[in-house]
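Colleague: There's a structure below that I have some questions on.
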Amino acid sequence: MAFFDLPQIELERYRPERREAPDFDAFWSSTLTAARQYPLDATFTPVDTGLTTLDVFDVTFSGYGGQRVKGWLVLPVGRREKLACVVEYVGYGGGRGLPTERLLWGSAGYAHLIMDTRGQGSAWSVGDTPDMPADGGNPFFPGFMTQGILNPQTYYYRRVFTDAVRAIEAARSHPAVDAARVAVMGGSQGGGIALAAGGLETNLAAVLPDVPFLCHYERALAVTDSAPYSEIGNYLKVHRDHIQPVFNTLSYFDGLNFAARAKGQALFSVGLMDEICPPSTVYAAYNHYAARKSIRVYAYNHHEGGAAFHDREKIAFLRELWG
């Protein structure tokens, strides 16, 4: 696909009005308070992977509803002091994968916690955390985007975003981690989850969302037919009378609203030919981001964004931040 969204000069100043429910903060405060009624009980079980420069731990902690969520913690061998930590969230349909797929950040000298995404992990990488039965009760278009979508209390991403905050708490609970130096990151869905985590847990050093998903839903549905946003459009194509409740629910989960609350220094990335997460939706979140920020633009790239080139940028960003 060639350039299809707004010209870059317009993207740079694209800052649409946010759709935000008046009880947004109360909703998330009560959600996290309820989750914290369950002991975090984070466990870290050593795993023999055959790697000689990295230690790997099978992580389990209590997320939304006390449900046990999986992850990996990767640490460099020979560490002598507490480490800055990167908490990573995974793209749509993927899970935590295998430890040997996640070597970059431990090799760069950081603690690295990868959170499994509940109910996912069957499309392109394996996962090990089932989702609790969706309690919304409404039929949904295949995928995750419309599960429980008629009410913010029952929406799928309420559970995922809660898990994301608890993953930060789990990382901070490990004795090798410097709790004051934690960053969150991810690509696509993982980038959207990172934005949510950055808006809900504002005591973070950095937020690094790559080509983030879950931002500016109305715009996304207007300019792209690509999945996963198309799951919502296909649902509304059938449920013609559900437009208002659907967008009311989505307002509680929009990356723009989390970006407006974030405090950590941010490094975004965007592909200007990205038809999955259109550039205007990324820039909408970026331009609403409340703290110090920068963005790397990959003009001729699609949803892959900067890939390894952007990994290099993120390593330099964190090295400058933490030394």
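By order in the structure tokens, chains are A, B, ...; within a chain, residues start at 1; ligands start at 1, following the order shown.
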Please identify all polymer residues within 6 Å of range 150-153 of chain A, counting only C-alpha atoms, omitting same-chain residues fewer than 6 positions from it, and present them as number ranges by chain.
Modeller: A: 245-246, 249
Colleague: Write out, as a PDB file, in the first residue's frame, the residues just selected, with N, CA and C atoms.
Modeller:
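Okay, this is what ended up in again-v6.pdb:
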```
ATOM      1  N   PRO A 245     -23.226   2.207  22.312  1.00  0.00           N
ATOM      2  CA  PRO A 245     -22.586   1.510  23.443  1.00  0.00           C
ATOM      3  C   PRO A 245     -21.192   0.993  23.125  1.00  0.00           C
ATOM      4  N   VAL A 246     -20.936   0.598  21.879  1.00  0.00           N
ATOM      5  CA  VAL A 246     -19.602   0.110  21.518  1.00  0.00           C
ATOM      6  C   VAL A 246     -18.567   1.220  21.667  1.00  0.00           C
ATOM      7  N   THR A 249     -17.917   2.110  25.291  1.00  0.00           N
ATOM      8  CA  THR A 249     -16.985   1.163  25.912  1.00  0.00           C
ATOM      9  C   THR A 249     -15.554   1.439  25.473  1.00  0.00           C
TER      10      THR A 249
END
```
Colleague: Dump as a Markdown table the rows for residues of range 114-203 of chain A within 9 Å of range 11-32 of chain A: closest atom pair and distance in Å with one decimal, only C-alpha atoms counted, ordered by chain and rising residue number.
Modeller:
```
| residue | atom | partner | partner_atom | distance |
| --- | --- | --- | --- | --- |
| A:Pro152 | CA | A:Phe27 | CA | 8.7 |
| A:Gln153 | CA | A:Phe27 | CA | 8.5 |
| A:Arg158 | CA | A:Thr31 | CA | 8.1 |
| A:Thr162 | CA | A:Leu32 | CA | 6.5 |
| A:Val165 | CA | A:Leu32 | CA | 8.3 |
| A:Arg166 | CA | A:Leu32 | CA | 8.8 |
| A:Leu200 | CA | A:Trp28 | CA | 7.7 |
```
Colleague: Which one of A:Val74, A:Val211, A:Ala307, A:Val270 sits closest to Leu103 in chain A if you count only C-alpha atoms?
Modeller: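 Of A:Val74, A:Val211, A:Ala307, A:Val270, the one nearest Leu103 in chain A is A:Val74, counting only C-alpha atoms.
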Colleague: Between CA of His239 in chain A and CA of Ile276 in chain A, measure the distance and give it in Å to one decimal.
Modeller: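 Computing the Euclidean distance for CA of His239 in chain A and CA of Ile276 in chain A yields 23.0 Å.
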Colleague: What separation in Å, quoted to one decimal, exists between CA of Ile295 in chain A and CA of Gln120 in chain A?
Modeller: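 Spanning CA of Ile295 in chain A to CA of Gln120 in chain A is a straight-line distance of 28.6 Å.
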Colleague: Between A:Ser188, A:Thr202, A:Gln244, A:Asn234, single out the one closest to Pro278 in chain A, counting only C-alpha atoms.
Modeller: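 Smallest distance to Pro278 in chain A is found for A:Ser188.
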Colleague: Give me the residues within 9 Å of Thr53 in chain A as JSON, numbers by chain, counting only C-alpha atoms and dropping any in the same chain fewer than 2 places off.
Modeller: {"A": [51, 55, 75, 76, 77, 78, 106, 107]}
Colleague: Just to confirm, what's the straight-line distance from CA of Ile315 in chain A to CA of Cys85 in chain A in Å (one decimal)?
Modeller: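 Between these atoms lies a distance of 12.5 Å.
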Colleague: Contacts of His303 in chain A at 12 Å or less, counting only C-alpha atoms, minus same-chain residues fewer than 6 places along, as a list in words?
Modeller: Met1, Gly91, Gly187, Ser188, Gln189, Asp210, Val211, Pro212, Phe213, Ser226, Ala227, Ser269, Val270, Gly271, Leu272, Met273, Asp274, Glu275, Ile276, Cys277, Pro278, Pro279, Val282 and Val297 of chain A
Colleague: Between A:Leu256, A:Ile232, A:Ile193, A:Ala262, which residue has the minimum interatomic distance to Thr146 in chain A, considering only C-alpha atoms?
Modeller: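 For Thr146 in chain A, the nearest of the candidates is A:Ile232.
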Colleague: Write out as number ranges by chain the set of residues from range 63-95 of chain A that DSSP, computed on the backbone, places in strand (DSSP E).
Modeller: A: 68-76, 83-89
Colleague: Which of these residues is nearest to Leu318 in chain A, using only C-alpha atoms: A:Phe253, A:Phe61, A:Tyr92, A:Tyr110?
Modeller: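 Using only C-alpha atoms, Leu318 in chain A sits closest to A:Tyr110.
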Colleague: From the list A:Leu204, A:Leu267, A:Ser230, A:Gln67, which residue is nearest Tyr286 in chain A when using only C-alpha atoms?
Modeller: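 Under the stated criterion, the closest residue is A:Leu267.
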Colleague: Extract, using only C-alpha atoms, all DNA, RNA and protein residues at most 7 Å from Gly264 in chain A, discarding same-chain residues fewer than 3 positions from it, and format them as a PyMOL selection string.
Modeller: chain A and resi 198+202+204-207+291
Colleague: Go through A:Gly233, A:Gly192, A:Gly121, A:Gly306 and flag the residue nearest Asn257 in chain A, using only C-alpha atoms for the distances.
Modeller: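 When distances to Asn257 in chain A are compared using only C-alpha atoms, the smallest one comes from A:Gly192.
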